[in-house]
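Have a look at entry_1.cif below; it lists mmCIF, C-alpha atoms.
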```cif
data_input
#
loop_
_atom_site.label_atom_id
_atom_site.label_comp_id
_atom_site.auth_asym_id
_atom_site.auth_seq_id
_atom_site.Cartn_x
_atom_site.Cartn_y
_atom_site.Cartn_z
CA MET J 357 219.19 155.16 -42.25
CA SER J 358 216.32 152.75 -42.69
CA ALA J 359 214.51 151.16 -39.76
CA PRO J 360 215.55 147.53 -39.10
CA ASP J 361 212.92 144.99 -40.09
CA LEU J 362 211.23 142.57 -37.71
CA ALA J 363 213.56 139.68 -38.52
CA GLU J 364 216.61 141.77 -37.59
CA ILE J 365 214.99 142.86 -34.35
CA TRP J 366 214.25 139.20 -33.53
CA VAL J 367 217.84 138.16 -34.26
CA TYR J 368 219.00 140.91 -31.90
CA LEU J 369 216.50 140.08 -29.15
CA SER J 370 216.97 136.30 -29.37
CA GLN J 371 220.57 136.74 -28.25
CA LYS J 372 219.68 138.83 -25.20
CA PRO J 373 219.40 137.03 -21.83
CA LEU J 374 216.26 139.06 -21.12
CA THR J 375 214.38 137.28 -23.91
CA GLY J 376 215.13 133.73 -22.69
CA LEU J 377 214.25 134.71 -19.14
CA THR J 378 210.97 136.40 -20.13
CA VAL J 379 209.97 133.52 -22.41
CA THR J 380 210.55 131.04 -19.55
CA LEU J 381 208.40 132.99 -17.09
CA VAL J 382 205.61 133.70 -19.60
CA ALA J 383 205.46 130.05 -20.75
CA TYR J 384 205.34 128.83 -17.15
CA ALA J 385 202.71 131.45 -16.21
CA LEU J 386 200.58 130.23 -19.14
CA GLY J 387 201.01 126.61 -18.05
CA ASP J 388 200.16 127.51 -14.46
CA TRP J 389 197.09 129.45 -15.58
CA LEU J 390 195.84 126.42 -17.55
CA TYR J 391 196.56 124.17 -14.54
CA GLU J 392 194.59 126.42 -12.14
CA LYS J 393 191.81 126.89 -14.72
CA SER J 394 191.39 123.09 -14.97
CA GLY J 395 190.98 122.82 -11.17
CA ARG J 396 194.61 121.59 -10.84
CA HIS J 397 194.12 118.58 -13.09
CA PRO J 398 197.28 116.42 -12.76
CA LEU J 399 197.51 115.91 -16.53
CA LEU J 400 197.84 119.69 -17.05
CA ASN J 401 201.10 120.00 -15.09
CA PRO J 402 202.67 123.41 -15.93
CA VAL J 403 206.22 122.01 -16.43
CA PRO J 404 205.61 119.92 -19.59
CA ILE J 405 203.33 122.65 -20.98
CA ALA J 406 206.03 125.31 -20.52
CA ILE J 407 208.74 123.05 -21.99
CA ALA J 408 206.63 122.23 -25.04
CA LEU J 409 205.77 125.91 -25.63
CA ILE J 410 209.40 127.06 -25.36
CA ALA J 411 210.87 124.17 -27.39
CA GLY J 412 208.21 124.80 -30.06
CA LEU J 413 209.03 128.52 -30.16
CA LEU J 414 212.79 127.93 -30.39
CA TRP J 415 212.31 125.33 -33.10
CA ALA J 416 209.96 127.57 -35.12
CA THR J 417 212.30 130.59 -34.88
CA ASP J 418 215.52 128.60 -35.35
CA VAL J 419 217.06 129.85 -32.10
CA PRO J 420 219.68 127.44 -30.63
CA TYR J 421 219.16 126.09 -27.12
CA THR J 422 222.43 127.67 -25.95
CA ASP J 423 221.15 131.17 -26.87
CA TYR J 424 217.93 130.51 -24.95
CA PHE J 425 219.89 129.21 -21.94
CA GLU J 426 221.87 132.49 -21.74
CA GLY J 427 218.73 133.97 -20.19
CA ALA J 428 217.09 130.88 -18.71
CA GLN J 429 220.21 130.14 -16.64
CA PHE J 430 219.05 132.73 -14.09
CA VAL J 431 216.01 130.55 -13.36
CA HIS J 432 218.10 127.38 -13.55
CA PHE J 433 220.56 128.82 -11.02
CA LEU J 434 217.83 129.01 -8.35
CA LEU J 435 217.63 125.18 -8.24
CA GLY J 436 220.68 125.19 -5.93
CA PRO J 437 219.32 127.61 -3.29
CA ALA J 438 215.87 125.93 -3.55
CA THR J 439 217.48 122.58 -2.71
CA VAL J 440 219.13 124.14 0.36
CA ALA J 441 215.76 125.68 1.32
CA LEU J 442 214.20 122.17 1.50
CA ALA J 443 215.82 121.99 4.97
CA VAL J 444 213.01 124.26 6.21
CA PRO J 445 209.98 122.00 5.48
CA LEU J 446 212.14 119.10 6.70
CA TYR J 447 212.72 120.85 10.04
CA GLN J 448 209.03 121.78 10.33
CA GLN J 449 208.10 118.09 10.10
CA LEU J 450 210.83 116.91 12.45
CA ALA J 451 208.42 115.22 14.90
CA VAL J 452 206.83 113.05 12.17
CA LEU J 453 210.23 112.25 10.62
CA LYS J 454 211.63 111.04 13.94
CA LYS J 455 208.69 108.69 14.48
CA SER J 456 209.03 107.15 11.01
CA GLY J 457 212.78 106.41 10.91
CA PRO J 458 212.87 102.67 9.98
CA ALA J 459 210.04 102.93 7.42
CA LEU J 460 211.82 105.90 5.89
CA VAL J 461 215.20 104.22 5.49
CA ALA J 462 213.67 101.00 4.12
CA GLY J 463 211.48 102.97 1.71
CA ILE J 464 214.40 104.96 0.32
CA LEU J 465 216.59 101.89 -0.21
CA ALA J 466 213.76 99.92 -1.83
CA GLY J 467 212.72 102.91 -3.95
CA SER J 468 216.26 103.59 -5.12
CA LEU J 469 216.81 99.99 -6.24
CA THR J 470 213.35 99.57 -7.78
CA ALA J 471 213.59 102.81 -9.77
CA ALA J 472 217.03 102.04 -11.22
CA GLY J 473 216.31 98.31 -11.66
CA CYS J 474 212.99 98.81 -13.49
CA ALA J 475 214.49 101.51 -15.73
CA VAL J 476 217.39 99.31 -16.84
CA LEU J 477 215.33 96.12 -17.14
CA LEU J 478 212.45 97.67 -19.11
CA GLY J 479 214.82 99.71 -21.29
CA TRP J 480 216.83 96.56 -22.04
CA LEU J 481 213.65 94.59 -22.87
CA GLY J 482 212.69 97.41 -25.24
CA GLY J 483 216.06 97.12 -27.00
CA ALA J 484 217.85 100.28 -25.81
CA SER J 485 221.48 100.87 -26.83
CA GLU J 486 224.10 100.54 -24.11
CA THR J 487 224.67 104.32 -23.90
CA THR J 488 220.94 104.93 -23.48
CA LEU J 489 220.66 102.22 -20.79
CA LEU J 490 223.55 103.66 -18.79
CA SER J 491 222.06 107.16 -19.11
CA LEU J 492 218.66 105.80 -18.04
CA ALA J 493 219.83 103.99 -14.88
CA PRO J 494 220.00 107.04 -12.56
CA LYS J 495 216.87 108.73 -14.03
CA SER J 496 214.97 108.99 -10.71
CA VAL J 497 217.78 110.87 -8.97
CA THR J 498 217.91 114.67 -8.79
CA ALA J 499 219.62 116.02 -11.96
CA PRO J 500 223.07 117.07 -10.67
CA ILE J 501 223.65 113.72 -8.88
CA ALA J 502 222.17 111.72 -11.77
CA MET J 503 224.52 113.39 -14.28
CA GLY J 504 227.52 112.52 -12.11
CA ILE J 505 226.39 108.87 -11.82
CA ALA J 506 225.78 108.60 -15.58
CA GLU J 507 229.27 109.90 -16.28
CA GLN J 508 230.76 107.36 -13.88
CA LEU J 509 228.82 104.48 -15.50
CA GLY J 510 229.74 105.56 -19.03
CA GLY J 511 226.43 107.14 -20.10
CA LEU J 512 225.79 110.62 -21.51
CA PRO J 513 225.27 113.21 -18.73
CA SER J 514 223.32 115.64 -20.96
CA LEU J 515 220.97 112.85 -22.08
CA THR J 516 220.54 111.84 -18.44
CA ALA J 517 219.50 115.42 -17.56
CA VAL J 518 216.67 115.18 -20.11
CA LEU J 519 215.63 111.66 -18.99
CA VAL J 520 215.60 112.91 -15.37
CA ILE J 521 213.22 115.74 -16.28
CA LEU J 522 210.98 113.37 -18.30
CA THR J 523 210.93 111.02 -15.29
CA GLY J 524 210.01 113.90 -12.96
CA ILE J 525 207.19 114.96 -15.26
CA THR J 526 205.89 111.36 -15.48
CA GLY J 527 205.92 111.03 -11.68
CA GLY J 528 204.49 114.51 -11.09
CA VAL J 529 201.67 113.99 -13.59
CA LEU J 530 200.78 110.29 -13.18
CA GLY J 531 202.20 109.53 -9.69
CA PRO J 532 199.17 110.77 -7.72
CA LEU J 533 196.87 108.71 -9.98
CA VAL J 534 198.95 105.56 -9.32
CA LEU J 535 198.95 106.26 -5.57
CA ASN J 536 195.15 106.50 -5.65
CA LEU J 537 194.99 103.30 -7.70
CA VAL J 538 197.01 101.31 -5.13
CA ARG J 539 195.01 103.06 -2.35
CA VAL J 540 197.90 104.44 -0.29
CA LYS J 541 196.38 106.89 2.21
CA ASP J 542 199.49 107.62 4.34
CA TRP J 543 200.80 111.10 3.35
CA ARG J 544 204.30 110.10 4.48
CA ALA J 545 204.32 107.12 2.11
CA ARG J 546 202.83 109.17 -0.76
CA GLY J 547 205.40 111.95 -0.38
CA LEU J 548 208.35 109.62 0.07
CA ALA J 549 207.44 107.65 -3.06
CA MET J 550 207.14 110.85 -5.12
CA GLY J 551 210.51 112.13 -3.90
CA VAL J 552 212.32 108.80 -4.44
CA ALA J 553 210.97 108.13 -7.93
CA ALA J 554 210.41 111.66 -9.29
CA HIS J 555 212.99 113.83 -7.41
CA GLY J 556 212.35 117.62 -7.40
CA ILE J 557 209.36 117.66 -9.74
CA GLY J 558 207.65 115.00 -7.61
CA THR J 559 208.64 116.99 -4.52
CA ALA J 560 207.20 120.21 -6.00
CA ARG J 561 203.90 118.41 -6.54
CA ALA J 562 203.91 116.87 -3.05
CA LEU J 563 204.65 120.26 -1.43
CA GLN J 564 201.60 121.73 -3.18
CA VAL J 565 199.28 119.06 -1.87
CA ASN J 566 200.31 118.36 1.74
CA ALA J 567 203.03 119.67 4.10
CA VAL J 568 203.93 116.23 5.52
CA ALA J 569 204.10 114.71 2.03
CA GLY J 570 206.31 117.63 0.90
CA ALA J 571 208.81 117.18 3.74
CA PHE J 572 209.07 113.42 3.15
CA ALA J 573 209.47 113.98 -0.59
CA GLY J 574 212.30 116.48 -0.09
CA LEU J 575 214.12 114.21 2.34
CA ALA J 576 213.60 111.18 0.08
CA MET J 577 214.98 113.09 -2.91
CA GLY J 578 218.18 113.99 -1.04
CA LEU J 579 218.75 110.58 0.56
CA ASN J 580 217.87 108.71 -2.64
CA GLY J 581 220.53 110.74 -4.44
CA LEU J 582 223.06 109.71 -1.83
CA ALA J 583 221.95 106.03 -1.79
CA THR J 584 221.92 105.71 -5.59
CA ALA J 585 225.29 107.46 -6.00
CA ILE J 586 226.83 104.87 -3.68
CA LEU J 587 224.84 101.74 -4.68
CA LEU J 588 224.53 102.00 -8.46
CA PRO J 589 228.24 102.20 -9.44
CA ALA J 590 228.98 99.41 -6.92
CA ILE J 591 226.23 97.15 -8.35
CA PHE J 592 227.34 97.82 -11.93
CA ALA J 593 230.94 96.99 -11.02
CA LEU J 594 229.77 93.66 -9.56
CA VAL J 595 227.38 92.67 -12.35
CA PHE J 596 229.17 93.82 -15.53
CA MET M 418 215.22 140.86 7.23
CA LEU M 419 214.78 138.79 4.06
CA ILE M 420 218.26 139.57 2.63
CA ARG M 421 219.96 138.10 5.69
CA TYR M 422 218.20 134.76 5.25
CA LEU M 423 218.73 134.63 1.49
CA ALA M 424 222.42 135.19 2.23
CA LEU M 425 222.27 132.35 4.78
CA ILE M 426 220.76 129.98 2.18
CA LEU M 427 223.34 130.95 -0.46
CA GLY M 428 226.09 130.69 2.16
CA CYS M 429 225.04 127.11 3.01
CA GLN M 430 225.17 126.25 -0.68
CA LEU M 431 228.61 127.86 -1.03
CA VAL M 432 229.99 125.90 1.93
CA GLY M 433 228.33 122.75 0.51
CA GLU M 434 229.94 123.25 -2.92
CA THR M 435 233.31 123.87 -1.26
CA VAL M 436 233.02 120.68 0.83
CA GLN M 437 232.03 118.74 -2.30
CA VAL M 438 235.01 119.95 -4.32
CA ALA M 439 237.42 119.49 -1.41
CA THR M 440 236.32 115.94 -0.51
CA GLY M 441 235.10 114.59 -3.87
CA LEU M 442 231.90 113.28 -2.22
CA PRO M 443 229.40 111.92 -4.78
CA VAL M 444 226.72 114.29 -3.39
CA PRO M 445 226.17 117.72 -4.99
CA GLY M 446 226.95 120.91 -3.04
CA PRO M 447 223.31 122.06 -2.63
CA VAL M 448 222.36 118.73 -0.99
CA ILE M 449 225.28 119.13 1.46
CA GLY M 450 224.05 122.73 1.98
CA MET M 451 220.57 121.40 2.81
CA ALA M 452 222.09 119.04 5.40
CA LEU M 453 224.10 121.94 6.90
CA LEU M 454 221.06 124.23 7.18
CA PHE M 455 219.03 121.39 8.69
CA ALA M 456 221.80 120.69 11.23
CA GLY M 457 221.93 124.41 12.05
CA LEU M 458 218.18 124.48 12.73
CA LEU M 459 218.50 121.41 14.98
CA VAL M 460 221.23 123.11 17.02
CA ARG M 461 219.36 126.41 17.20
CA ARG M 462 216.04 124.71 18.09
CA GLY M 463 213.73 127.05 16.25
CA LEU M 464 212.88 128.41 12.85
CA PRO M 465 213.30 132.21 12.34
CA ALA M 466 210.20 133.66 10.62
CA GLY M 467 212.41 135.37 8.02
CA LEU M 468 214.00 132.07 7.01
CA GLU M 469 210.57 130.49 6.66
CA GLY M 470 209.62 133.37 4.34
CA ALA M 471 212.79 133.17 2.24
CA ALA M 472 212.57 129.37 1.88
CA GLY M 473 208.86 129.55 1.11
CA GLY M 474 209.53 132.08 -1.66
CA LEU M 475 212.09 129.78 -3.30
CA LEU M 476 209.96 126.65 -2.96
CA ARG M 477 206.56 128.07 -3.94
CA HIS M 478 207.37 127.70 -7.64
CA LEU M 479 209.95 124.93 -7.41
CA ALA M 480 208.56 123.31 -10.56
CA LEU M 481 209.38 126.43 -12.64
CA LEU M 482 213.09 125.96 -11.92
CA PHE M 483 213.15 122.69 -13.93
CA VAL M 484 211.89 124.29 -17.14
CA PRO M 485 215.24 125.56 -18.58
CA ALA M 486 216.92 122.14 -18.20
CA GLY M 487 213.80 120.45 -19.61
CA VAL M 488 213.92 122.52 -22.80
CA GLY M 489 217.28 120.76 -23.35
CA VAL M 490 215.14 117.89 -24.68
CA MET M 491 215.61 119.69 -28.04
CA LEU M 492 219.26 118.62 -28.13
CA HIS M 493 218.43 114.91 -27.98
CA VAL M 494 215.58 114.67 -30.48
CA PRO M 495 217.46 112.27 -32.86
CA ARG M 496 218.25 109.74 -30.08
CA LEU M 497 214.77 110.07 -28.56
CA ALA M 498 213.20 109.52 -31.98
CA GLU M 499 215.34 106.45 -32.66
CA GLU M 500 215.00 104.85 -29.22
CA TRP M 501 211.61 106.19 -28.16
CA TRP M 502 210.19 102.76 -27.29
CA PRO M 503 212.83 101.54 -24.76
CA ILE M 504 213.06 105.07 -23.28
CA LEU M 505 209.29 105.25 -22.88
CA LEU M 506 209.26 101.76 -21.30
CA GLY M 507 212.08 102.63 -18.90
CA ILE M 508 210.60 105.97 -17.88
CA VAL M 509 206.82 105.59 -17.69
CA PRO M 510 206.13 102.08 -16.29
CA GLY M 511 209.57 102.13 -14.62
CA THR M 512 208.81 105.28 -12.60
CA LEU M 513 205.22 104.35 -11.80
CA ILE M 514 206.20 100.86 -10.55
CA ALA M 515 208.84 102.47 -8.29
CA ILE M 516 206.24 104.90 -6.90
CA ALA M 517 203.71 102.12 -6.18
CA VAL M 518 206.28 99.72 -4.61
CA THR M 519 207.83 102.44 -2.41
CA ALA M 520 204.50 103.86 -1.21
CA LEU M 521 203.03 100.42 -0.40
CA LEU M 522 206.16 99.39 1.52
CA VAL M 523 206.39 102.63 3.55
CA GLU M 524 202.67 102.56 4.36
CA ARG M 525 202.95 98.96 5.60
CA LEU M 526 206.10 99.59 7.66
CA GLY M 527 204.67 102.86 9.04
CA ARG M 528 201.37 101.43 10.30
CA GLY M 529 202.49 101.62 13.91
CA SER M 530 203.63 105.22 13.80
CA ILE M 531 200.94 106.98 11.74
CA ARG M 532 199.00 109.94 13.19
CA GLU M 533 195.33 110.29 12.15
CA GLU M 534 195.98 113.73 10.63
CA ASP M 535 198.63 112.30 8.26
CA LYS M 536 196.07 110.27 6.32
CA VAL M 537 194.36 111.37 3.11
#
```
Can you dump the structure from the file as structure tokens?
Amino acid sequence: MSAPDLAEIWVYLSQKPLTGLTVTLVAYALGDWLYEKSGRHPLLNPVPIAIALIAGLLWATDVPYTDYFEGAQFVHFLLGPATVALAVPLYQQLAVLKKSGPALVAGILAGSLTAAGCAVLLGWLGGASETTLLSLAPKSVTAPIAMGIAEQLGGLPSLTAVLVILTGITGGVLGPLVLNLVRVKDWRARGLAMGVAAHGIGTARALQVNAVAGAFAGLAMGLNGLATAILLPAIFALVF
Amino acid sequence: MLIRYLALILGCQLVGETVQVATGLPVPGPVIGMALLFAGLLVRRGLPAGLEGAAGGLLRHLALLFVPAGVGVMLHVPRLAEEWWPILLGIVPGTLIAIAVTALLVERLGRGSIREEDKV
């Protein structure tokens, strides 16, 4: 019996969950290493780096996304428990949250409408197809809620998932630069804006920088999901 | 006891998912689970150290958890290539305008309630 060649070994390994899982962790570790090495430069966010590395590898080796996801789903699964765990930083910042009630509610409503409104308006000006526009509308909302909203509006849920991640990356990478540009110094406002417009990826970034910003981002992500899920289908029903 | 608190977190999610399916609320199960855990902490008036540890472990690398879904970008390359301009317009300026508008509004409305230590 002859030894299998490298290509056969790769075909075997590429179908094992272990490979997808390992690739995900190694790509993220590389991205994180680059990010730390650069002194945490916002443009070197580990998420887009890891996605580009993995997508490039899958494309080069002709492995379908579904095979990769067999392994990566174990990481993906943790998004649910991590969302539940956001109750902890929220509770730790209870005193600040209580004092900021009206600003918080107004900020979430304004952020929800601005994010969806700008996405649809700018996409329409750029000449997007109707399916793309409807998939784009809930892009600032956390992925599971956004996919549900897109389905209700008549968009493509799987396209929405990708647009949501691209939005999160944009907010996580460029958001802090914009906040510096408009000179917002209030950590509550900075965190809330990141959570409203860039959901979990914005929240991840806010948590890294400041505890108050992280708690406001997590709360804003959850409440924005709720607000958008109620407001957006109602507004669409009225307008179209 | 870390296991106990991981079980608590998963349990909140499970109850949240059940409530979501049973009521058809437009909010996903994990977000309902977050609300339940938060309500539990309010009633209990105190954060167990073990729960702080378990939650911290899950949240320390929150960004990593978005990578598998993000790689799904591969599946939509044809549409992204064809409609890259409106998508780019909707996502990049769209998101950054929303961040600036929200932050400026909250900062203005929150002037009366800000503590010195919550400023950059």
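If only C-alpha atoms are the atoms counted, then among J:Gly570, J:Gly510, J:Gly387, J:Gly463 the closest residue to chain M is J:Gly463.
When only C-alpha atoms are used to measure the gap to Leu506 of chain M, the shortest distance among J:Met503, J:His397, J:Arg539, J:Gly479 belongs to J:Gly479.
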Closest-contact table, chain M side, partner chain J, 7 Å, counting all atoms listed in the file, as a Markdown table:
```
| residue | atom | partner | partner_atom | distance |
| --- | --- | --- | --- | --- |
| M:Ile426 | CA | J:Pro437 | CA | 6.1 |
| M:Leu427 | CA | J:Pro437 | CA | 5.9 |
| M:Gln430 | CA | J:Val440 | CA | 6.5 |
| M:Pro443 | CA | J:Ala585 | CA | 6.2 |
| M:Val444 | CA | J:Leu582 | CA | 6.1 |
| M:Pro445 | CA | J:Ile501 | CA | 6.1 |
| M:Pro447 | CA | J:Gly436 | CA | 5.3 |
| M:Val448 | CA | J:Gly578 | CA | 6.3 |
| M:Gly450 | CA | J:Val440 | CA | 5.4 |
| M:Met451 | CA | J:Val440 | CA | 3.9 |
| M:Ala452 | CA | J:Ala443 | CA | 6.9 |
| M:Leu454 | CA | J:Ala443 | CA | 6.1 |
| M:Phe455 | CA | J:Ala443 | CA | 5.0 |
| M:Glu469 | CA | J:Val444 | CA | 6.7 |
| M:Ala472 | CA | J:Ala441 | CA | 4.9 |
| M:Leu475 | CA | J:Ala438 | CA | 5.4 |
| M:Leu476 | CA | J:Ala438 | CA | 6.0 |
| M:Leu479 | CA | J:Ala560 | CA | 5.6 |
| M:Ala480 | CA | J:Ala560 | CA | 5.7 |
| M:Leu481 | CA | J:Tyr384 | CA | 6.5 |
| M:Leu482 | CA | J:His432 | CA | 5.5 |
| M:Phe483 | CA | J:His432 | CA | 6.8 |
| M:Val484 | CA | J:Ile407 | CA | 5.9 |
| M:Pro485 | CA | J:Ala428 | CA | 5.6 |
| M:Gly487 | CA | J:Ile521 | CA | 5.8 |
| M:Val488 | CA | J:Ile407 | CA | 5.3 |
| M:Gly489 | CA | J:Val518 | CA | 6.5 |
| M:Val490 | CA | J:Val518 | CA | 5.5 |
| M:Met491 | CA | J:Ala411 | CA | 6.6 |
| M:His493 | CA | J:Leu515 | CA | 6.7 |
| M:Glu500 | CA | J:Ala484 | CA | 6.4 |
| M:Trp502 | CA | J:Gly482 | CA | 6.3 |
| M:Pro503 | CA | J:Gly482 | CA | 4.2 |
| M:Ile504 | CA | J:Gly479 | CA | 6.0 |
| M:Leu506 | CA | J:Leu478 | CA | 5.6 |
| M:Gly507 | CA | J:Ala475 | CA | 4.1 |
| M:Ile508 | CA | J:Thr523 | CA | 5.7 |
| M:Val509 | CA | J:Thr526 | CA | 6.2 |
| M:Gly511 | CA | J:Cys474 | CA | 4.9 |
| M:Thr512 | CA | J:Ala553 | CA | 5.9 |
| M:Leu513 | CA | J:Gly531 | CA | 6.4 |
| M:Ala515 | CA | J:Ala471 | CA | 5.0 |
| M:Ile516 | CA | J:Ala549 | CA | 4.9 |
| M:Ala517 | CA | J:Leu535 | CA | 6.3 |
| M:Thr519 | CA | J:Gly467 | CA | 5.1 |
| M:Ala520 | CA | J:Ala545 | CA | 4.7 |
| M:Leu521 | CA | J:Val540 | CA | 6.5 |
| M:Leu522 | CA | J:Gly463 | CA | 6.4 |
| M:Val523 | CA | J:Ala545 | CA | 5.1 |
| M:Glu524 | CA | J:Ala545 | CA | 5.3 |
| M:Leu526 | CA | J:Ala459 | CA | 5.2 |
| M:Gly527 | CA | J:Ala459 | CA | 5.6 |
| M:Ser530 | CA | J:Lys455 | CA | 6.2 |
| M:Asp535 | CA | J:Trp543 | CA | 5.5 |
| M:Lys536 | CA | J:Asp542 | CA | 4.8 |
| M:Val537 | CA | J:Lys541 | CA | 5.0 |
```
Query - Residue neighbourhood Tyr422 of chain M, 8 Å, only C-alpha atoms, exclusion window fewer than 3 positions, as a ChimeraX atom specification - result: /M:418-419,425-426,467-468,471
Report summary line: As a check of understanding: the span from atom CA of Arg421 of chain M to atom CA of Ala486 of chain M is 28.9 Å
Query raised in the report: Which value, in Å to one decimal, gives the distance between atom CA of Val529 of chain J and atom CA of Pro495 of chain M?
Result: 25.0 Å
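Between atom CA of Trp501 of chain M and atom CA of Asp418 of chain J there is a distance of 23.9 Å.
The point (218.5, 137.0, -32.7) has these residues within 12 Å of it when all atoms listed in the file are used: Leu362, Ala363, Glu364, Ile365, Trp366, Val367, Tyr368, Leu369, Ser370, Gln371, Lys372, Pro373, Leu374, Thr375, Gly376, Leu414, Thr417, Asp418, Val419, Pro420, Asp423 and Tyr424 of chain J.
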Missing atoms in segment 428-445 of chain J: fill them in up to N, CA and C atoms and send the result as a PDB file, keeping the file's coordinate frame.
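See part.pdb below for the written result:
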```
ATOM      1  N   ALA J 428     217.789 131.818 -19.595  1.00  0.00           N
ATOM      2  CA  ALA J 428     217.090 130.880 -18.710  1.00  0.00           C
ATOM      3  C   ALA J 428     217.975 130.431 -17.561  1.00  0.00           C
ATOM      4  N   GLN J 429     219.312 130.606 -17.697  1.00  0.00           N
ATOM      5  CA  GLN J 429     220.210 130.140 -16.640  1.00  0.00           C
ATOM      6  C   GLN J 429     219.928 130.842 -15.303  1.00  0.00           C
ATOM      7  N   PHE J 430     219.311 132.035 -15.355  1.00  0.00           N
ATOM      8  CA  PHE J 430     219.050 132.730 -14.090  1.00  0.00           C
ATOM      9  C   PHE J 430     217.960 132.004 -13.297  1.00  0.00           C
ATOM     10  N   VAL J 431     217.026 131.382 -14.014  1.00  0.00           N
ATOM     11  CA  VAL J 431     216.010 130.550 -13.360  1.00  0.00           C
ATOM     12  C   VAL J 431     216.654 129.237 -12.909  1.00  0.00           C
ATOM     13  N   HIS J 432     217.436 128.658 -13.813  1.00  0.00           N
ATOM     14  CA  HIS J 432     218.100 127.380 -13.550  1.00  0.00           C
ATOM     15  C   HIS J 432     218.987 127.470 -12.305  1.00  0.00           C
ATOM     16  N   PHE J 433     219.653 128.612 -12.146  1.00  0.00           N
ATOM     17  CA  PHE J 433     220.560 128.820 -11.020  1.00  0.00           C
ATOM     18  C   PHE J 433     219.851 128.631  -9.679  1.00  0.00           C
ATOM     19  N   LEU J 434     218.563 129.045  -9.624  1.00  0.00           N
ATOM     20  CA  LEU J 434     217.830 129.010  -8.350  1.00  0.00           C
ATOM     21  C   LEU J 434     217.572 127.599  -7.841  1.00  0.00           C
ATOM     22  N   LEU J 435     217.793 126.567  -8.692  1.00  0.00           N
ATOM     23  CA  LEU J 435     217.630 125.180  -8.240  1.00  0.00           C
ATOM     24  C   LEU J 435     218.520 124.879  -7.038  1.00  0.00           C
ATOM     25  N   GLY J 436     219.742 125.422  -7.036  1.00  0.00           N
ATOM     26  CA  GLY J 436     220.680 125.190  -5.930  1.00  0.00           C
ATOM     27  C   GLY J 436     220.144 125.731  -4.615  1.00  0.00           C
ATOM     28  N   PRO J 437     219.889 127.052  -4.535  1.00  0.00           N
ATOM     29  CA  PRO J 437     219.320 127.610  -3.290  1.00  0.00           C
ATOM     30  C   PRO J 437     217.998 126.940  -2.894  1.00  0.00           C
ATOM     31  N   ALA J 438     217.158 126.574  -3.884  1.00  0.00           N
ATOM     32  CA  ALA J 438     215.870 125.930  -3.550  1.00  0.00           C
ATOM     33  C   ALA J 438     216.117 124.585  -2.886  1.00  0.00           C
ATOM     34  N   THR J 439     217.148 123.863  -3.336  1.00  0.00           N
ATOM     35  CA  THR J 439     217.480 122.580  -2.710  1.00  0.00           C
ATOM     36  C   THR J 439     217.894 122.795  -1.259  1.00  0.00           C
ATOM     37  N   VAL J 440     218.730 123.813  -1.012  1.00  0.00           N
ATOM     38  CA  VAL J 440     219.130 124.140   0.360  1.00  0.00           C
ATOM     39  C   VAL J 440     217.884 124.474   1.195  1.00  0.00           C
ATOM     40  N   ALA J 441     216.952 125.228   0.598  1.00  0.00           N
ATOM     41  CA  ALA J 441     215.760 125.680   1.320  1.00  0.00           C
ATOM     42  C   ALA J 441     214.860 124.513   1.733  1.00  0.00           C
ATOM     43  N   LEU J 442     215.018 123.334   1.115  1.00  0.00           N
ATOM     44  CA  LEU J 442     214.200 122.170   1.500  1.00  0.00           C
ATOM     45  C   LEU J 442     214.465 121.760   2.954  1.00  0.00           C
ATOM     46  N   ALA J 443     215.569 122.266   3.550  1.00  0.00           N
ATOM     47  CA  ALA J 443     215.820 121.990   4.970  1.00  0.00           C
ATOM     48  C   ALA J 443     214.707 122.557   5.848  1.00  0.00           C
ATOM     49  N   VAL J 444     214.036 123.623   5.382  1.00  0.00           N
ATOM     50  CA  VAL J 444     213.010 124.260   6.210  1.00  0.00           C
ATOM     51  C   VAL J 444     211.755 123.385   6.381  1.00  0.00           C
ATOM     52  N   PRO J 445     211.106 122.927   5.263  1.00  0.00           N
ATOM     53  CA  PRO J 445     209.980 122.000   5.480  1.00  0.00           C
ATOM     54  C   PRO J 445     210.401 120.727   6.229  1.00  0.00           C
TER      55      PRO J 445
END
```
